[in-house]
Amino acid sequence: MEKLELSHYKTLVAKLPLLKKEIAKVIVGQQEAIDEILISLLASGHCLLEGVPGLAKTLMVKTMSEALHMSFKRIQFTPDLMPGDIVGTEILEEDHETGRKFFKFNQGPIFANVVLADEINRTPPKTQAALLEAMQEKSVTYGGTNYELPGPFLIIATQNPIEQAGTYPLPEAQLDRFLLYIRLNYPSEQEELDVLKGTTGSFKAHINRVLADTEIIELQKLTRQVHISDELLQWINRLVRATRPDGSPSDFVKEWCDWGAGPRAGQALVLCAKARAVLHERFAVIPEDIQTLAYPVIRHRIAMNFRAEAENISTDQVIGQLLRTVKG
């Protein structure tokens with residue numbers, strides 16, 4: 001990067017702590033989840049957010065989009081939701097001057113910078129597939145015409161881990177399309193007390209706009225320029241390959257896993273590590289970036305066998321074991 005560019009990028013990167021400060025006006029705690037959502041945005045990916053009801057998932061995403069000066073749409077996924085309810089439909093209109101009738105494409109809620117796909121596992125696979133196609137292509141095709149989605153474009157899908165009746169779980173191949181699988185935990189006792197104090201009165205926080213959509217696109221370009229050493233790349237490669245039971249150096253993996261992560265996991269871990277570096281105002285990846293993000297990057301890309309499920313061995317336990325045994 002040239003000196004002028006570096007100065008400009010440093011100014012942009014310095015706004016990221018301000019962005020987190022604005023979000024913290026509304027959202028108490030959940031710093032790890034907020035960081036991971038922002039990492040997904042900087043890495044130009046999408047994320048799956050899992051948490052029980054009442055943890056402010058929708059509010060978190062809406063607040064972030066307000067601070068980013070980006071358009072926001074929420075889609076409530078239900079069993080009767082159709083693909084057209086997401087991408088849009090053609091409607092018949094009439095030219096009042098000529099009387100000629102024509103079809104006009106009416107854009108659906110997918111045409112926004114930030115889209116919250118609420119309870120994605122409550123809608124059938126056909127509707128899920130319409131969303132996943134938009135995620136992958138960043139465009140939709142209707143009636144033979146291709147429509148580009150606005151940039152930057154971020155989909156945050158949520159799912160409830162405790163209500164499984166009447167759900168359509170995402171297949172593993174579709175889960176792999178999500179850059180990060182983020183898990184929201186209950187707040188600490190003090191955080192929950194702060195929530196009770198801050199949300200039951202008349203005060204409403206004002207969110208200042210910190211970054212524009214064009215600035216986010218610039219930061220996404222910067223993310224790809226962040227330096228990562230060959231040694232760290234090799235470590236990521238070994239780590240991902242070690243998740244595969246065939247040829248894994250870990251007996252733990254061979255015992256508990258049916259199959260491991262594919263090459264997309266390595267790509268995701270590199271990009272997310274670079275994005276975390278930017279979020280922490282650095283221009284080079286360090287081992288801590290990889291250690292922290294290995295969990296949300298890999299946890300949905302490995303499959304546990306029946307024995308592991310019976311004995312409550314989780315994917316996070318496998319990842320933790322690999323981080324201890326596969327040295328960088």
# chains A, B, ... in the order shown; residues from 1 in each chain; ligands from 1
call {"tool": "residues_around", "arguments": {"residues": "Met60 (chain A)", "least_positions_apart": "3", "cutoff": "10 Å", "atoms": "only C-alpha atoms", "output": "VMD selection string"}}
result
chain A and resid 23 to 24 26 to 28 30 33 to 34 37 55 to 57 63 to 65
call {"tool": "closest_residue", "arguments": {"among": "A:Leu131, A:Leu68, A:Asp95, A:Gly45", "to": "Met82 (chain A)", "atoms": "only C-alpha atoms"}}
result
A:Leu131
call {"tool": "residues_around", "arguments": {"residues": "Gly108 (chain A)", "least_positions_apart": "4", "cutoff": "7 Å", "atoms": "only C-alpha atoms", "output": "compact mmCIF listing (two decimals) with C-alpha atoms, in the first residue's frame"}}
result
# COMPACT_ATOMS: atom_id res chain seq x y z
CA ASP A 85 -41.50 -13.71 -0.84
CA ILE A 86 -37.71 -13.38 -0.57
CA VAL A 87 -36.42 -12.47 -4.03
CA GLY A 88 -39.50 -10.69 -5.37
call {"tool": "select_by_dssp", "arguments": {"residues": "region 25-271 of chain A", "states": "helix (DSSP H, G or I)", "output": "number ranges by chain"}}
result
A: 31-42, 57-67, 83-87, 120-122, 125-137, 172-175, 189-199, 213-225, 230-241, 251-256, 263-271
call {"tool": "closest_residue", "arguments": {"among": "A:Thr200, A:Thr58, A:Thr292, A:Thr243", "to": "Gly266 (chain A)", "atoms": "only C-alpha atoms"}}
result
A:Thr243
call {"tool": "closest_atom_pairs", "arguments": {"of": "region 274-312 of chain A", "to": "region 223-237 of chain A", "cutoff": "10 Å", "atoms": "only C-alpha atoms", "output": "Markdown table"}}
result
| residue | atom | partner | partner_atom | distance |
| --- | --- | --- | --- | --- |
| A:Lys274 | CA | A:Thr223 | CA | 5.7 |
| A:Ala275 | CA | A:Thr223 | CA | 5.4 |
| A:Arg276 | CA | A:Thr223 | CA | 8.9 |
| A:Ala277 | CA | A:Val226 | CA | 7.8 |
| A:Val278 | CA | A:Thr223 | CA | 6.5 |
| A:Leu279 | CA | A:Thr223 | CA | 9.4 |
| A:Arg282 | CA | A:Val226 | CA | 8.3 |
| A:Phe283 | CA | A:Val226 | CA | 5.1 |
| A:Ala284 | CA | A:His227 | CA | 4.5 |
| A:Val285 | CA | A:Ile228 | CA | 5.2 |
| A:Ile286 | CA | A:Ile228 | CA | 7.8 |
| A:Pro287 | CA | A:Leu232 | CA | 7.2 |
| A:Ile290 | CA | A:Ile236 | CA | 7.7 |
| A:Gln291 | CA | A:Ile236 | CA | 9.8 |
| A:Ala294 | CA | A:Ile236 | CA | 9.0 |
call {"tool": "closest_residue", "arguments": {"among": "A:Lys126, A:Leu239, A:Ser248, A:Thr167", "to": "Val270 (chain A)", "atoms": "only C-alpha atoms"}}
result
A:Leu239
call {"tool": "closest_atom_pairs", "arguments": {"of": "region 255-286 of chain A", "to": "region 316-321 of chain A", "cutoff": "12 Å", "atoms": "only C-alpha atoms", "output": "tab-separated table"}}
result
residue	atom	partner	partner_atom	distance
A:Glu255	CA	A:Val318	CA	10.3
A:Trp256	CA	A:Val318	CA	8.2
A:Cys257	CA	A:Val318	CA	8.6
A:Gly260	CA	A:Val318	CA	10.6
A:Ala261	CA	A:Ile319	CA	11.2
call {"tool": "atom_distance", "arguments": {"atom1": "CA of Glu148 (chain A)", "atom2": "CA of Glu5 (chain A)"}}
result
28.7 Å
call {"tool": "residues_around", "arguments": {"residues": "Val140 (chain A)", "least_positions_apart": "4", "cutoff": "12 Å", "atoms": "only C-alpha atoms", "output": "PyMOL selection string"}}
result
chain A and resi 83-84+86-89+105+107-111+129-136+144-150
call {"tool": "atom_distance", "arguments": {"atom1": "CA of Leu49 (chain A)", "atom2": "CA of Glu119 (chain A)"}}
result
9.5 Å
call {"tool": "residues_around", "arguments": {"residues": "Phe178 (chain A)", "least_positions_apart": "5", "cutoff": "8 Å", "atoms": "only C-alpha atoms", "output": "list in words"}}
result
Gly45, His46, Cys47 and Leu48 of chain A
